[in-house]
Amino acid sequence: MKKHTLLSAFVLPLLVALTLSSCGNKNKKADETPVDMTTATDTIPALDIQEGGAASTEGEIRGGEFQNQATIKTVNFDYDRYELSEESRATLQANAALLKARKDWTVLVEGHCDDRGTVEYNLALGQKRAKAVRDYYVRLGVPESAMGTISYGEEKPLCAEQTDACWLQNRRAETKVKGK
């Protein structure tokens with residue numbers, strides 16, 4: 001009993017002191033002046049948004065029409081996956097050889113999904129599929145600065161039937177090009 005009384009006599013005041021000292025003036029800043037939020041934003045520096053700790057060097061995909069090339073093949077994905085299969089890698093290796101030979105092309109990798117899942121989920125999954133293809137092209141020597149990615153999620157299906165064969169066609173990454 002004596003230990004409890006002695007312990008509470010020292011611990012309780014210590015806890016009260018720590019609690020009170022940590023709460024005072026926590027959010028005050030020295031020389032805080034009001035900020036006018038109506039000023040022009042052209043003096044505010046642009047944010048450099050980075051993914052994975054390094055600045056993105058993805059190519060510019062705005063403007064102009066990207067077209068399918070008959071010699072560049074589409075790759076398909078398993079349900080709810082974005083990993084490349086051995087068959088997909090072989091297809092992408094053949095595509096990369098063509099892309100490296102045509103230095104005047106800008107490349108757009110489009111990620112697509114079937115219509116199962118939410119719109120938001122499918123957009124994110126489509127982006128992961130497009131990025132997986134782009135990253136594989138980069139490992140094969142296609143210049144990253146000449147490639148961009150976009151996700152269409154479930155918005156551009158090739159097939160509208162509710163069958164496994166149809167859904168497989170829609171789970172894809174297409175590589176499109178435009179001349180410079």
# chains A, B, ... in the order shown; residues from 1 in each chain; ligands from 1
>>> select_by_dssp(residues="segment 59-177 of chain A", states="alpha helix (DSSP H)", output="ChimeraX atom specification")
/A:86-101,119-139,164-170
>>> write_last_selection(atoms="C-alpha atoms", output="short mmCIF file (atom, residue, chain, number, x, y, z; two decimals), in the first residue's frame")
data_model
loop_
_atom_site.label_atom_id
_atom_site.label_comp_id
_atom_site.auth_asym_id
_atom_site.auth_seq_id
_atom_site.Cartn_x
_atom_site.Cartn_y
_atom_site.Cartn_z
CA GLU A 86 5.32 -14.08 -70.10
CA GLU A 87 3.14 -13.86 -73.22
CA SER A 88 2.64 -10.12 -72.67
CA ARG A 89 6.36 -9.59 -72.21
CA ALA A 90 7.12 -11.34 -75.50
CA THR A 91 4.57 -9.11 -77.25
CA LEU A 92 5.99 -5.99 -75.62
CA GLN A 93 9.54 -6.97 -76.63
CA ALA A 94 8.45 -7.08 -80.27
CA ASN A 95 6.63 -3.76 -79.83
CA ALA A 96 9.70 -2.18 -78.19
CA ALA A 97 11.90 -3.11 -81.15
CA LEU A 98 9.54 -1.19 -83.44
CA LEU A 99 9.28 1.78 -81.07
CA LYS A 100 13.06 2.08 -80.72
CA ALA A 101 13.47 2.04 -84.51
CA VAL A 119 -15.34 3.72 -61.94
CA GLU A 120 -12.63 4.98 -59.56
CA TYR A 121 -11.18 1.52 -59.01
CA ASN A 122 -11.08 0.79 -62.74
CA LEU A 123 -9.39 4.12 -63.52
CA ALA A 124 -6.69 3.35 -60.95
CA LEU A 125 -6.27 -0.23 -62.22
CA GLY A 126 -6.09 0.99 -65.83
CA GLN A 127 -3.35 3.44 -64.84
CA LYS A 128 -1.37 0.66 -63.14
CA ARG A 129 -1.66 -1.46 -66.30
CA ALA A 130 -0.49 1.40 -68.50
CA LYS A 131 2.41 2.15 -66.14
CA ALA A 132 3.45 -1.52 -66.05
CA VAL A 133 3.69 -1.54 -69.85
CA ARG A 134 5.52 1.81 -70.00
CA ASP A 135 7.99 0.71 -67.34
CA TYR A 136 8.69 -2.51 -69.24
CA TYR A 137 9.27 -0.54 -72.45
CA VAL A 138 11.74 1.67 -70.57
CA ARG A 139 13.63 -1.42 -69.34
CA ASP A 164 -15.41 -13.97 -69.72
CA ALA A 165 -14.16 -13.80 -73.31
CA CYS A 166 -15.51 -10.30 -73.70
CA TRP A 167 -14.17 -9.11 -70.37
CA LEU A 168 -10.71 -10.42 -71.33
CA GLN A 169 -10.73 -8.26 -74.48
CA ASN A 170 -11.49 -5.19 -72.36
#
>>> residues_around(residues="Lys176 of chain A", least_positions_apart="2", cutoff="8 Å", atoms="only C-alpha atoms", output="list in words")
Phe66, Gln67, Asn68, Gln69, Ile72, Val107, Leu108, Val109, Glu110, Glu174 and Lys178 of chain A
>>> atom_distance(atom1="atom CA of Arg116 of chain A", atom2="atom CA of Ile150 of chain A")
19.2 Å
>>> closest_residue(among="A:Val177, A:Leu84, A:Ala70, A:Leu158", to="Ala146 of chain A", atoms="only C-alpha atoms")
A:Val177
>>> closest_residue(among="A:Glu65, A:Trp105, A:Tyr79, A:Gly179", to="Val142 of chain A", atoms="only C-alpha atoms")
A:Trp105
